[in-house]
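Below is work.txt, which holds compact mmCIF, C-alpha atoms.
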```
# COMPACT_ATOMS: atom_id res chain seq x y z
CA MET U 1 127.27 100.92 81.84
CA ILE U 2 123.67 101.36 80.72
CA LYS U 3 122.91 104.80 79.36
CA ASN U 4 119.89 106.98 80.09
CA LYS U 5 120.03 106.63 83.84
CA LEU U 6 117.97 109.03 85.89
CA LEU U 7 120.71 109.89 88.39
CA SER U 8 124.50 109.80 88.28
CA ILE U 9 126.11 109.85 91.72
CA ILE U 10 129.69 111.15 91.53
CA ILE U 11 132.05 110.35 94.41
CA PRO U 12 135.61 111.78 94.41
CA VAL U 13 137.84 109.52 96.49
CA TYR U 14 141.25 110.12 97.98
CA ASN U 15 142.68 108.08 100.89
CA VAL U 16 139.41 107.44 102.70
CA GLU U 17 139.63 103.70 103.33
CA LYS U 18 138.24 104.31 106.83
CA TYR U 19 134.98 105.77 105.49
CA ILE U 20 134.33 104.67 101.91
CA THR U 21 132.64 101.38 102.74
CA LYS U 22 129.94 103.08 104.81
CA CYS U 23 129.51 105.70 102.11
CA LEU U 24 128.99 103.19 99.30
CA ARG U 25 126.81 100.86 101.34
CA SER U 26 124.49 103.75 102.23
CA ILE U 27 124.02 104.46 98.52
CA LEU U 28 123.67 100.88 97.33
CA ASP U 29 121.39 99.70 100.13
CA GLU U 30 118.34 100.43 98.00
CA ASN U 31 115.72 98.28 96.33
CA GLU U 32 116.38 96.84 92.90
CA ASN U 33 114.12 99.29 91.12
CA THR U 34 116.04 102.28 92.54
CA LEU U 35 119.41 100.78 91.63
CA LYS U 36 118.23 100.44 88.03
CA LEU U 37 117.74 104.21 87.93
CA ILE U 38 121.24 105.20 89.05
CA GLU U 39 124.89 104.92 88.19
CA VAL U 40 127.61 105.43 90.78
CA LEU U 41 130.85 106.91 89.45
CA VAL U 42 133.70 106.55 91.92
CA VAL U 43 136.63 108.73 90.85
CA ASP U 44 139.74 107.44 92.61
CA ASP U 45 142.02 110.48 92.59
CA GLY U 46 145.32 108.62 92.99
CA SER U 47 144.66 107.14 96.43
CA THR U 48 147.71 105.57 98.09
CA ASP U 49 145.68 103.52 100.59
CA ARG U 50 143.06 100.80 99.97
CA SER U 51 140.29 103.21 98.91
CA GLY U 52 140.51 102.36 95.22
CA ARG U 53 140.59 98.61 95.85
CA ILE U 54 137.55 98.80 98.14
CA ALA U 55 135.67 100.69 95.43
CA ASP U 56 136.68 98.03 92.88
CA GLU U 57 135.18 95.35 95.13
CA PHE U 58 131.84 97.18 95.09
CA ALA U 59 132.04 97.54 91.30
CA ARG U 60 132.44 93.77 90.93
CA LYS U 61 129.32 93.23 93.05
CA TYR U 62 127.08 96.00 91.68
CA GLN U 63 126.58 96.63 87.97
CA CYS U 64 125.65 100.26 88.57
CA VAL U 65 129.08 101.07 90.06
CA LYS U 66 131.99 102.17 87.90
CA VAL U 67 135.41 103.10 89.26
CA ILE U 68 137.70 105.53 87.43
CA HIS U 69 141.33 105.48 88.57
CA ARG U 70 143.34 108.61 87.77
CA GLN U 71 146.44 110.46 88.88
CA ASN U 72 145.95 112.81 91.78
CA ALA U 73 144.76 116.22 90.59
CA GLY U 74 142.44 117.39 93.35
CA VAL U 75 138.76 117.13 94.17
CA ALA U 76 137.65 119.68 91.56
CA ALA U 77 139.32 117.72 88.76
CA ALA U 78 137.88 114.46 90.12
CA ARG U 79 134.36 115.90 90.12
CA ASN U 80 134.84 117.22 86.58
CA THR U 81 135.92 113.74 85.48
CA GLY U 82 132.65 112.44 86.87
CA ILE U 83 130.65 115.17 85.11
CA ARG U 84 132.21 114.32 81.76
CA MET U 85 131.63 110.58 82.12
CA ALA U 86 128.13 110.72 83.61
CA GLN U 87 125.18 109.38 81.62
CA GLY U 88 122.39 110.29 84.02
CA GLU U 89 119.81 113.00 83.45
CA TRP U 90 120.73 114.42 86.85
CA LEU U 91 124.07 114.69 88.66
CA TYR U 92 124.58 114.38 92.41
CA PHE U 93 127.88 114.71 94.27
CA VAL U 94 128.69 112.74 97.42
CA ASP U 95 131.80 113.19 99.56
CA SER U 96 133.44 109.86 100.28
CA ASP U 97 133.64 110.38 104.05
CA ASP U 98 129.90 111.13 104.32
CA TRP U 99 126.88 108.88 103.89
CA MET U 100 123.27 108.83 102.71
CA GLU U 101 120.16 108.68 104.88
CA ASN U 102 118.28 105.39 104.67
CA GLY U 103 116.31 105.62 101.45
CA GLY U 104 117.97 108.92 100.58
CA VAL U 105 118.78 107.98 96.99
CA ARG U 106 115.17 106.96 96.45
CA VAL U 107 113.99 110.30 97.85
CA ILE U 108 116.26 112.23 95.46
CA CYS U 109 115.07 110.20 92.47
CA ALA U 110 111.46 110.94 93.39
CA ALA U 111 112.18 114.66 93.81
CA VAL U 112 113.88 115.16 90.44
CA SER U 113 111.18 113.09 88.70
CA LYS U 114 108.60 115.59 89.94
CA HIS U 115 110.60 118.57 88.61
CA PRO U 116 112.03 117.51 85.22
CA ASP U 117 112.32 121.12 84.01
CA ALA U 118 114.37 122.37 86.96
CA ASP U 119 117.98 123.35 86.37
CA VAL U 120 119.02 122.67 89.95
CA LEU U 121 117.19 121.23 92.95
CA LEU U 122 118.25 122.44 96.40
CA MET U 123 117.76 120.27 99.48
CA GLU U 124 118.71 120.12 103.15
CA ALA U 125 120.89 117.70 105.11
CA TYR U 126 122.03 116.39 108.47
CA GLN U 127 125.30 117.39 110.15
CA ASN U 128 127.02 114.72 112.23
CA VAL U 129 129.74 115.46 114.76
CA GLY U 130 130.72 112.24 116.50
CA HIS U 131 127.49 110.74 117.81
CA LYS U 132 125.65 114.06 117.71
CA GLN U 133 123.37 114.94 114.84
CA LYS U 134 121.49 118.07 113.89
CA GLU U 135 119.44 119.20 110.94
CA TRP U 136 120.70 121.77 108.46
CA VAL U 137 117.59 123.73 107.56
CA HIS U 138 117.94 126.07 104.59
CA PHE U 139 114.35 126.85 103.69
CA SER U 140 111.26 128.01 105.50
CA ARG U 141 108.02 126.08 105.09
CA GLU U 142 106.64 128.41 102.46
CA GLU U 143 109.76 128.04 100.33
CA ASP U 144 109.25 124.31 99.78
CA ILE U 145 108.68 123.41 96.14
CA THR U 146 109.30 126.93 94.86
CA ASP U 147 110.41 127.71 91.31
CA SER U 148 113.06 130.42 91.62
CA ILE U 149 112.79 132.23 88.30
CA ASP U 150 112.76 135.76 89.68
CA ILE U 151 116.18 137.42 89.39
CA LYS U 152 115.97 138.88 92.89
CA ARG U 153 115.33 135.46 94.35
CA ILE U 154 118.22 133.98 92.38
CA ARG U 155 120.49 136.72 93.73
CA ARG U 156 119.33 135.95 97.26
CA LEU U 157 120.19 132.29 96.78
CA GLN U 158 123.58 133.28 95.36
CA SER U 159 124.18 135.47 98.40
CA GLY U 160 123.48 132.43 100.56
CA ILE U 161 126.16 130.52 98.67
CA LEU U 162 128.70 133.21 99.57
CA TYR U 163 127.53 133.86 103.13
CA ALA U 164 124.56 131.91 104.47
CA PRO U 165 123.71 134.11 107.51
CA LEU U 166 122.96 137.05 105.21
CA TRP U 167 120.34 134.98 103.42
CA ARG U 168 118.89 133.21 106.44
CA LYS U 169 119.57 135.35 109.50
CA THR U 170 118.83 132.65 112.06
CA LYS U 171 121.04 129.98 110.49
CA ASN U 172 124.74 129.52 109.78
CA ASP U 173 124.36 126.41 107.65
CA PRO U 174 126.75 126.64 104.69
CA MET U 175 125.16 126.48 101.25
CA GLY U 176 128.30 126.28 99.11
CA ALA U 177 128.68 122.49 99.17
CA PRO U 178 127.45 120.40 96.21
CA TRP U 179 125.93 117.53 98.22
CA ASP U 180 122.71 119.37 99.09
CA LYS U 181 121.93 120.04 95.44
CA VAL U 182 121.08 117.99 92.35
CA TYR U 183 122.00 119.33 88.92
CA ARG U 184 120.41 118.64 85.54
CA ARG U 185 123.24 117.40 83.35
CA ASP U 186 122.08 119.14 80.15
CA PHE U 187 121.88 122.44 82.05
CA LEU U 188 125.50 122.14 83.22
CA ALA U 189 126.70 121.11 79.76
CA GLY U 190 124.73 123.85 77.98
CA ASN U 191 126.27 126.51 80.21
CA HIS U 192 129.76 124.96 80.26
CA LEU U 193 129.67 124.73 84.04
CA LEU U 194 132.52 122.84 85.68
CA PHE U 195 134.47 123.11 88.93
CA CYS U 196 137.40 125.55 88.66
CA GLU U 197 140.45 123.31 88.84
CA HIS U 198 142.86 126.23 89.25
CA LEU U 199 141.23 127.18 92.56
CA LYS U 200 142.67 125.31 95.53
CA VAL U 201 139.96 126.35 98.00
CA LEU U 202 136.24 127.20 97.83
CA ASP U 203 135.91 125.74 94.33
CA ASP U 204 132.57 124.19 95.32
CA MET U 205 131.30 127.57 96.53
CA VAL U 206 132.34 129.18 93.24
CA PHE U 207 130.75 126.37 91.24
CA ASN U 208 127.39 126.76 92.97
CA PHE U 209 127.57 130.54 92.70
CA GLU U 210 127.92 130.19 88.93
CA VAL U 211 125.26 127.48 88.75
CA LEU U 212 122.66 129.67 90.42
CA GLY U 213 123.73 132.63 88.32
CA ALA U 214 122.91 130.65 85.18
CA ALA U 215 119.80 128.89 86.51
CA ARG U 216 116.35 129.93 85.42
CA ASN U 217 114.42 127.33 87.37
CA ALA U 218 115.79 126.43 90.82
CA VAL U 219 113.55 124.28 93.01
CA CYS U 220 113.85 124.13 96.81
CA ARG U 221 112.74 120.96 98.63
CA LYS U 222 112.69 120.36 102.37
CA ILE U 223 114.14 116.85 102.17
CA LYS U 224 117.22 115.61 104.03
CA PRO U 225 118.80 112.66 102.19
CA TYR U 226 122.43 113.29 103.23
CA HIS U 227 124.64 113.07 106.31
CA TYR U 228 127.61 115.44 106.36
CA ARG U 229 130.38 114.23 108.65
CA ARG U 230 131.95 117.27 110.27
CA PHE U 231 135.38 116.64 111.73
CA VAL U 232 136.53 118.63 114.74
CA SER U 233 140.22 117.88 115.23
CA ASP U 234 141.60 115.56 112.55
CA SER U 235 140.08 117.09 109.43
CA ILE U 236 142.31 118.21 106.60
CA THR U 237 140.54 121.56 106.90
CA ASN U 238 142.39 122.14 110.18
CA THR U 239 145.92 121.65 108.85
CA TYR U 240 148.44 124.44 108.38
CA LYS U 241 148.08 126.24 105.06
CA PRO U 242 150.83 128.87 104.76
CA ASP U 243 149.53 130.03 101.37
CA ARG U 244 145.85 130.21 102.31
CA VAL U 245 145.68 133.99 101.77
CA LEU U 246 147.01 133.56 98.21
CA GLN U 247 144.52 130.77 97.59
CA ASP U 248 141.68 132.98 98.83
CA ARG U 249 142.85 135.87 96.66
CA ALA U 250 142.56 133.65 93.59
CA VAL U 251 138.92 133.03 94.53
CA TRP U 252 138.15 136.73 95.03
CA ASP U 253 139.84 137.61 91.71
CA TYR U 254 137.81 135.00 89.87
CA LEU U 255 134.49 136.02 91.42
CA PHE U 256 135.11 139.71 90.74
CA SER U 257 135.98 138.84 87.13
CA LEU U 258 132.44 137.52 86.58
CA GLY U 259 131.13 141.09 86.34
CA LEU U 260 128.07 140.63 88.54
CA TRP U 261 128.69 143.50 90.92
CA GLY U 262 127.36 146.63 89.20
CA GLY U 263 123.57 146.39 88.91
CA GLU U 264 120.90 147.35 91.42
CA ASP U 265 119.90 143.72 91.84
CA THR U 266 123.46 142.81 92.91
CA ASP U 267 123.56 144.85 96.13
CA VAL U 268 122.87 141.70 98.13
CA LEU U 269 125.76 139.97 96.33
CA ARG U 270 128.18 142.77 97.18
CA ARG U 271 127.14 142.59 100.82
CA ALA U 272 127.52 138.80 100.88
CA MET U 273 130.91 138.99 99.18
CA THR U 274 132.14 141.49 101.77
CA CYS U 275 131.00 139.22 104.60
CA ARG U 276 132.62 136.20 102.95
CA ILE U 277 135.98 137.98 102.66
CA ILE U 278 135.91 138.84 106.37
CA LYS U 279 134.91 135.29 107.29
CA SER U 280 137.76 133.88 105.20
CA PHE U 281 140.17 136.30 106.89
CA SER U 282 139.01 134.85 110.22
CA ILE U 283 139.54 131.32 108.91
CA CYS U 284 143.10 132.32 108.03
CA CYS U 285 143.73 133.02 111.72
CA ARG U 286 143.32 129.32 112.42
CA LEU U 287 144.75 127.83 109.25
CA CYS U 288 147.53 130.27 108.48
CA PHE U 289 148.37 133.28 110.66
CA PHE U 290 148.42 131.67 114.11
CA ASN U 291 148.40 127.97 113.32
CA ARG U 292 150.57 125.96 115.73
CA GLU U 293 152.69 124.67 112.87
CA ASN U 294 153.59 128.19 111.79
CA GLN U 295 157.24 128.49 112.87
CA LYS U 296 157.53 132.26 112.48
CA SER U 297 157.94 134.47 115.53
CA LEU U 298 154.80 136.07 116.96
CA ARG U 299 156.03 139.48 115.84
CA GLU U 300 156.44 138.19 112.27
CA LYS U 301 152.98 136.64 112.34
CA VAL U 302 151.36 139.86 113.53
CA HIS U 303 153.27 141.87 110.91
CA TYR U 304 151.95 139.57 108.16
CA VAL U 305 148.40 139.88 109.49
CA LYS U 306 148.66 143.67 109.36
CA GLN U 307 149.96 143.50 105.77
CA VAL U 308 146.96 141.42 104.72
CA MET U 309 144.51 143.69 106.56
CA GLU U 310 145.88 146.77 104.80
CA SER U 311 145.68 145.19 101.34
CA LYS U 312 142.71 144.79 98.99
CA PRO U 313 140.13 143.36 99.12
CA TYR U 314 140.43 142.94 102.90
CA CYS U 315 140.86 146.62 103.73
CA THR U 316 137.85 147.50 101.59
CA ALA U 317 135.76 144.75 103.16
CA PHE U 318 136.54 145.81 106.72
CA HIS U 319 135.59 149.42 106.04
CA THR U 320 132.46 148.85 103.92
CA VAL U 321 130.78 145.87 105.56
CA ARG U 322 127.47 146.43 107.31
CA LEU U 323 128.00 145.16 110.83
CA CYS U 324 124.35 144.10 110.98
CA ASP U 325 125.06 141.54 108.22
CA LEU U 326 127.72 139.70 110.24
CA GLU U 327 127.63 137.01 112.91
CA TRP U 328 128.48 138.42 116.31
CA LYS U 329 132.07 137.14 116.38
CA LEU U 330 132.72 138.55 112.94
CA LYS U 331 131.32 141.90 114.03
CA ILE U 332 134.20 142.07 116.51
CA MET U 333 136.68 140.99 113.85
CA ALA U 334 135.38 143.70 111.51
CA LEU U 335 135.83 146.38 114.18
CA VAL U 336 139.40 145.21 114.85
CA GLY U 337 139.98 145.16 111.11
CA ARG U 338 138.90 148.76 110.76
CA LEU U 339 141.59 149.65 113.29
CA GLN U 340 144.08 147.61 111.22
CA SER U 341 145.49 146.19 114.43
CA GLY U 342 147.47 143.01 113.90
CA TRP U 343 147.89 142.58 117.64
CA GLY U 344 144.16 143.05 118.07
CA VAL U 345 143.53 140.17 115.69
CA TYR U 346 145.99 137.99 117.59
CA PHE U 347 144.39 138.62 120.99
CA LEU U 348 140.91 138.15 119.53
CA HIS U 349 141.92 134.82 118.00
CA ALA U 350 143.57 133.73 121.25
CA ALA U 351 140.40 134.56 123.19
CA TRP U 352 138.25 132.52 120.79
CA GLU U 353 140.60 129.54 121.01
CA LEU U 354 140.61 129.73 124.80
CA LEU U 355 136.81 129.89 124.89
CA ALA U 356 136.52 126.96 122.48
CA GLY U 357 138.92 124.93 124.64
CA ILE U 358 136.95 125.64 127.81
CA ARG U 359 133.70 124.62 126.15
CA GLY U 360 135.33 121.63 124.47
CA ILE U 361 133.96 122.57 121.05
CA GLY U 362 135.26 123.79 117.73
CA ASN U 363 135.38 127.44 116.79
CA ASP U 364 132.38 127.44 114.44
CA THR U 365 132.67 131.02 113.29
CA VAL U 366 136.08 130.54 111.78
CA ARG U 367 135.39 127.28 109.99
CA ALA U 368 135.28 127.24 106.20
```
Could you show the structure in this file as structure tokens?
Amino acid sequence: MIKNKLLSIIIPVYNVEKYITKCLRSILDENENTLKLIEVLVVDDGSTDRSGRIADEFARKYQCVKVIHRQNAGVAAARNTGIRMAQGEWLYFVDSDDWMENGGVRVICAAVSKHPDADVLLMEAYQNVGHKQKEWVHFSREEDITDSIDIKRIRRLQSGILYAPLWRKTKNDPMGAPWDKVYRRDFLAGNHLLFCEHLKVLDDMVFNFEVLGAARNAVCRKIKPYHYRRFVSDSITNTYKPDRVLQDRAVWDYLFSLGLWGGEDTDVLRRAMTCRIIKSFSICCRLCFFNRENQKSLREKVHYVKQVMESKPYCTAFHTVRLCDLEWKLKIMALVGRLQSGWGVYFLHAAWELLAGIRGIGNDTVRA
């Protein structure tokens, strides 16, 4: 592998033989000059299907591709492996079931070349659901090519990582993912920034929250080089997670331990954190409390919901959130939460599921 590449593209892979070929082809379908600027690090996280072998085939064909096979340890550990092995000046993370826009790698290389002093470069993307595609727009026109060195602006961007609607009222496009950002490698290394491997959920959100907290030069560009494939029914994000509340609590504990919640400039962070906790509680309705695979009786489920609602930080969030900060569905959830009504949560969730079934769409508000 040739050192001093401009861009290292890190792809964690686990049992995605159905998608990985399209992903890699979209990256490597570039002109020779662009391929000389990049390295592609495929981290095979103990796949049990043909994913690793498919990646090896690409590595034999393209000199810029390197495959690292390791025992399964999760996506955070796989991304950290890529960070440690990367030689590029900039790091970019791609999910193996997504793909790049035609010429997307070339666009990213051009963007980072124009902003060599940036710590992180934020972009936009496309969301694809089946054959439907829409743009994820994070920034207004005047925010294009803006150096975010003001602490208030950094805090606003951090609040968008936690809860996007608070930062951009008209949009619900999540900002916690790593694939709409490019990171300067020396900046990450100098601040010891890695993905938290002990967190089982939202580790990418936490990573980007810390990245923006440490950044002194964050550049926003209205470019869309990436296609995010959103699954509706068969995604792993829809499977039963009986310990999801415990996993979320680990995230809240870690974020609160960072000590960013006391100053005047952190009011927007506290508001975003409160909204995020309520949104995650709503997600638990689908993934945990009332998931079809949950074999507990309805009475037991409702009792557990009430226990969670009455405990911190959920109780505090329900009673301190500004309703004006929340999406309309979460406003209703917050009101039910203030009543601490487990049965109210159940009937609210059932109504949302019924409405989603009638419309034939997913329940967007309660998706991670």
Query - Nearest-residue call for U:Lys306, choices U:Leu323, U:Gln340, U:Leu354, U:Phe318, using only C-alpha atoms - result: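 Ranking U:Leu323, U:Gln340, U:Leu354, U:Phe318 by distance to U:Lys306, first place goes to U:Gln340.
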Report task. List the neighbours of U:Ile151 out to 12 Å using only C-alpha atoms; skip same-chain residues closer than 5 positions along the sequence, and give me the result as a list of chain:residue names. Result ->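 Final neighbour list, sorted by chain and number: U:Arg156, U:Leu157, U:Gln158, U:Leu212, U:Gly213, U:Ala214, U:Ala215, U:Arg216, U:Asn217, U:Ala218, U:Gly263, U:Glu264, U:Asp265, U:Thr266, U:Val268.
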Atoms kept (C-alpha atoms) for selection, written as a PDB file, in the frame of the given file:
```
ATOM      1  CA  ARG U 156     119.330 135.950  97.260  1.00  0.00           C
ATOM      2  CA  LEU U 157     120.190 132.290  96.780  1.00  0.00           C
ATOM      3  CA  GLN U 158     123.580 133.280  95.360  1.00  0.00           C
ATOM      4  CA  LEU U 212     122.660 129.670  90.420  1.00  0.00           C
ATOM      5  CA  GLY U 213     123.730 132.630  88.320  1.00  0.00           C
ATOM      6  CA  ALA U 214     122.910 130.650  85.180  1.00  0.00           C
ATOM      7  CA  ALA U 215     119.800 128.890  86.510  1.00  0.00           C
ATOM      8  CA  ARG U 216     116.350 129.930  85.420  1.00  0.00           C
ATOM      9  CA  ASN U 217     114.420 127.330  87.370  1.00  0.00           C
ATOM     10  CA  ALA U 218     115.790 126.430  90.820  1.00  0.00           C
ATOM     11  CA  GLY U 263     123.570 146.390  88.910  1.00  0.00           C
ATOM     12  CA  GLU U 264     120.900 147.350  91.420  1.00  0.00           C
ATOM     13  CA  ASP U 265     119.900 143.720  91.840  1.00  0.00           C
ATOM     14  CA  THR U 266     123.460 142.810  92.910  1.00  0.00           C
ATOM     15  CA  VAL U 268     122.870 141.700  98.130  1.00  0.00           C
TER      16      VAL U 268
END
```
Query - Residues within 8 Å of (140.6, 110.7, 98.9), counting only C-alpha atoms, listed as JSON, numbers by chain - result: {"U": [12, 13, 14, 15, 16, 44, 45, 46, 47, 51, 96]}
Query raised in the report: Which value, in Å to one decimal, gives the distance between atom CA of U:Phe187 and atom CA of U:Pro116?
Result: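 Taking atom CA of U:Phe187 as the start and atom CA of U:Pro116 as the end point, the length is 11.5 Å.
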Report task. Take atom CA of U:Gly82 and atom CA of U:Ile10 and report the distance between them in Å, one decimal. Result ->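 Atom-to-atom, atom CA of U:Gly82 to atom CA of U:Ile10, that is 5.7 Å.
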Query - Atom pair atom CA of U:Ala334 / atom CA of U:Phe231: separation (Å) - result: 27.1 Å
Report task. May I have the residues within 12 Å of U:Glu32 as a ChimeraX atom specification, using only C-alpha atoms and disregarding those fewer than 2 positions away in the same chain? Result -> /U:28-30,34-38,62-64,106
Taking C-alpha atoms for each residue, export the selection above as a tab-separated table (two decimals), in the frame of the given file.
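Output below, filename out-v3.tsv:
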```tsv
chain	number	residue	atom	x	y	z
U	28	LEU	CA	123.67	100.88	97.33
U	29	ASP	CA	121.39	99.70	100.13
U	30	GLU	CA	118.34	100.43	98.00
U	34	THR	CA	116.04	102.28	92.54
U	35	LEU	CA	119.41	100.78	91.63
U	36	LYS	CA	118.23	100.44	88.03
U	37	LEU	CA	117.74	104.21	87.93
U	38	ILE	CA	121.24	105.20	89.05
U	62	TYR	CA	127.08	96.00	91.68
U	63	GLN	CA	126.58	96.63	87.97
U	64	CYS	CA	125.65	100.26	88.57
U	106	ARG	CA	115.17	106.96	96.45
```
Report task. Could you tell me which of U:Val43, U:Leu24, U:Leu260, U:Met205 comes closest to U:Glu57 if we count only C-alpha atoms? Result -> U:Leu24
Report task. Return the single residue from U:Cys275, U:Val40, U:Ile358, U:Ala78 that is closest to U:His319, with distances computed using only C-alpha atoms. Result ->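 For U:His319, the nearest of the candidates is U:Cys275.
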Query raised in the report: Looking at all atoms listed in the file, which of U:Asp119, U:Asp248, U:Asp325, U:Glu124 is the one that sits closest to U:Leu188?
Result: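 Once distances to U:Leu188 are computed over all atoms listed in the file, the minimum belongs to U:Asp119.
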Query raised in the report: Between U:Asp204, U:Val219, U:Ile9, U:Trp261, which one has atoms that come closest to U:His115, using all atoms listed in the file?
Result: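 Looking at the shortest contact to U:His115, the residue is U:Val219.
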So that I can see what lies close to U:Lys241, please list as a compact mmCIF listing (two decimals) with C-alpha atoms, keeping the file's coordinate frame the residues with an atom at most 12 Å from it, counting only C-alpha atoms and leaving out residues fewer than 3 positions away in the same chain.
```txt
# COMPACT_ATOMS: atom_id res chain seq x y z
CA LYS U 200 142.67 125.31 95.53
CA VAL U 201 139.96 126.35 98.00
CA ILE U 236 142.31 118.21 106.60
CA THR U 237 140.54 121.56 106.90
CA ASN U 238 142.39 122.14 110.18
CA ARG U 244 145.85 130.21 102.31
CA VAL U 245 145.68 133.99 101.77
CA LEU U 246 147.01 133.56 98.21
CA GLN U 247 144.52 130.77 97.59
CA ASP U 248 141.68 132.98 98.83
CA ILE U 283 139.54 131.32 108.91
CA CYS U 284 143.10 132.32 108.03
CA CYS U 285 143.73 133.02 111.72
CA ARG U 286 143.32 129.32 112.42
CA LEU U 287 144.75 127.83 109.25
CA CYS U 288 147.53 130.27 108.48
CA PHE U 289 148.37 133.28 110.66
CA PHE U 290 148.42 131.67 114.11
CA ASN U 291 148.40 127.97 113.32
CA ARG U 292 150.57 125.96 115.73
CA GLU U 293 152.69 124.67 112.87
CA ASN U 294 153.59 128.19 111.79
```
Could the centre and edge lengths of an axis-aligned box, enclosing all atoms of stretch 312-325 of chain U in the file with 3 Å extra on each side, be given in Å to one decimal as AutoDock Vina command-line options?
```
--center_x 133.5 --center_y 145.5 --center_z 105.0 --size_x 24.4 --size_y 13.9 --size_z 18.0
```
Query raised in the report: Between U:Val302, U:Ile108, U:Ile68, U:Cys196, which has the minimum distance to U:Arg53 (counting only C-alpha atoms)?
Result: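 Using only C-alpha atoms, the shortest distance to U:Arg53 belongs to U:Ile68.
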Can stretch 45-50 of chain U be brought up to all heavy atoms and written out as a PDB file, in the frame of the given file?
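And here's selection33.pdb as it stands now:
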```pdb
ATOM      1  N   ASP U  45     141.086 109.413  92.958  1.00  0.00           N
ATOM      2  CA  ASP U  45     142.020 110.480  92.590  1.00  0.00           C
ATOM      3  C   ASP U  45     143.430 110.162  93.078  1.00  0.00           C
ATOM      4  O   ASP U  45     144.041 110.922  93.814  1.00  0.00           O
ATOM      5  CB  ASP U  45     141.530 111.807  93.188  1.00  0.00           C
ATOM      6  CG  ASP U  45     142.267 113.012  92.635  1.00  0.00           C
ATOM      7  OD1 ASP U  45     142.599 113.005  91.435  1.00  0.00           O
ATOM      8  OD2 ASP U  45     142.510 113.962  93.406  1.00  0.00           O
ATOM      9  N   GLY U  46     143.940 109.001  92.653  1.00  0.00           N
ATOM     10  CA  GLY U  46     145.320 108.620  92.990  1.00  0.00           C
ATOM     11  C   GLY U  46     145.513 108.228  94.429  1.00  0.00           C
ATOM     12  O   GLY U  46     146.570 108.518  95.015  1.00  0.00           O
ATOM     13  N   SER U  47     144.539 107.555  95.031  1.00  0.00           N
ATOM     14  CA  SER U  47     144.660 107.140  96.430  1.00  0.00           C
ATOM     15  C   SER U  47     145.874 106.232  96.627  1.00  0.00           C
ATOM     16  O   SER U  47     146.180 105.383  95.782  1.00  0.00           O
ATOM     17  CB  SER U  47     143.405 106.391  96.883  1.00  0.00           C
ATOM     18  OG  SER U  47     142.270 107.226  96.858  1.00  0.00           O
ATOM     19  N   THR U  48     146.548 106.409  97.753  1.00  0.00           N
ATOM     20  CA  THR U  48     147.710 105.570  98.090  1.00  0.00           C
ATOM     21  C   THR U  48     147.370 104.532  99.158  1.00  0.00           C
ATOM     22  O   THR U  48     148.236 103.756  99.539  1.00  0.00           O
ATOM     23  CB  THR U  48     148.879 106.441  98.572  1.00  0.00           C
ATOM     24  OG1 THR U  48     148.464 107.211  99.705  1.00  0.00           O
ATOM     25  CG2 THR U  48     149.344 107.375  97.467  1.00  0.00           C
ATOM     26  N   ASP U  49     146.115 104.532  99.638  1.00  0.00           N
ATOM     27  CA  ASP U  49     145.680 103.520 100.590  1.00  0.00           C
ATOM     28  C   ASP U  49     144.771 102.516  99.862  1.00  0.00           C
ATOM     29  O   ASP U  49     144.849 102.372  98.645  1.00  0.00           O
ATOM     30  CB  ASP U  49     144.987 104.162 101.805  1.00  0.00           C
ATOM     31  CG  ASP U  49     143.691 104.871 101.414  1.00  0.00           C
ATOM     32  OD1 ASP U  49     143.329 104.874 100.219  1.00  0.00           O
ATOM     33  OD2 ASP U  49     143.035 105.421 102.320  1.00  0.00           O
ATOM     34  N   ARG U  50     143.888 101.847 100.559  1.00  0.00           N
ATOM     35  CA  ARG U  50     143.060 100.800  99.970  1.00  0.00           C
ATOM     36  C   ARG U  50     141.736 101.344  99.405  1.00  0.00           C
ATOM     37  O   ARG U  50     140.881 100.564  98.984  1.00  0.00           O
ATOM     38  CB  ARG U  50     142.740  99.729 101.024  1.00  0.00           C
ATOM     39  CG  ARG U  50     143.950  98.946 101.495  1.00  0.00           C
ATOM     40  CD  ARG U  50     143.560  97.830 102.476  1.00  0.00           C
ATOM     41  NE  ARG U  50     142.637  96.888 101.876  1.00  0.00           N
ATOM     42  CZ  ARG U  50     141.350  96.783 102.171  1.00  0.00           C
ATOM     43  NH1 ARG U  50     140.790  97.626 103.057  1.00  0.00           N
ATOM     44  NH2 ARG U  50     140.576  95.874 101.592  1.00  0.00           N
TER      45      ARG U  50
END
```
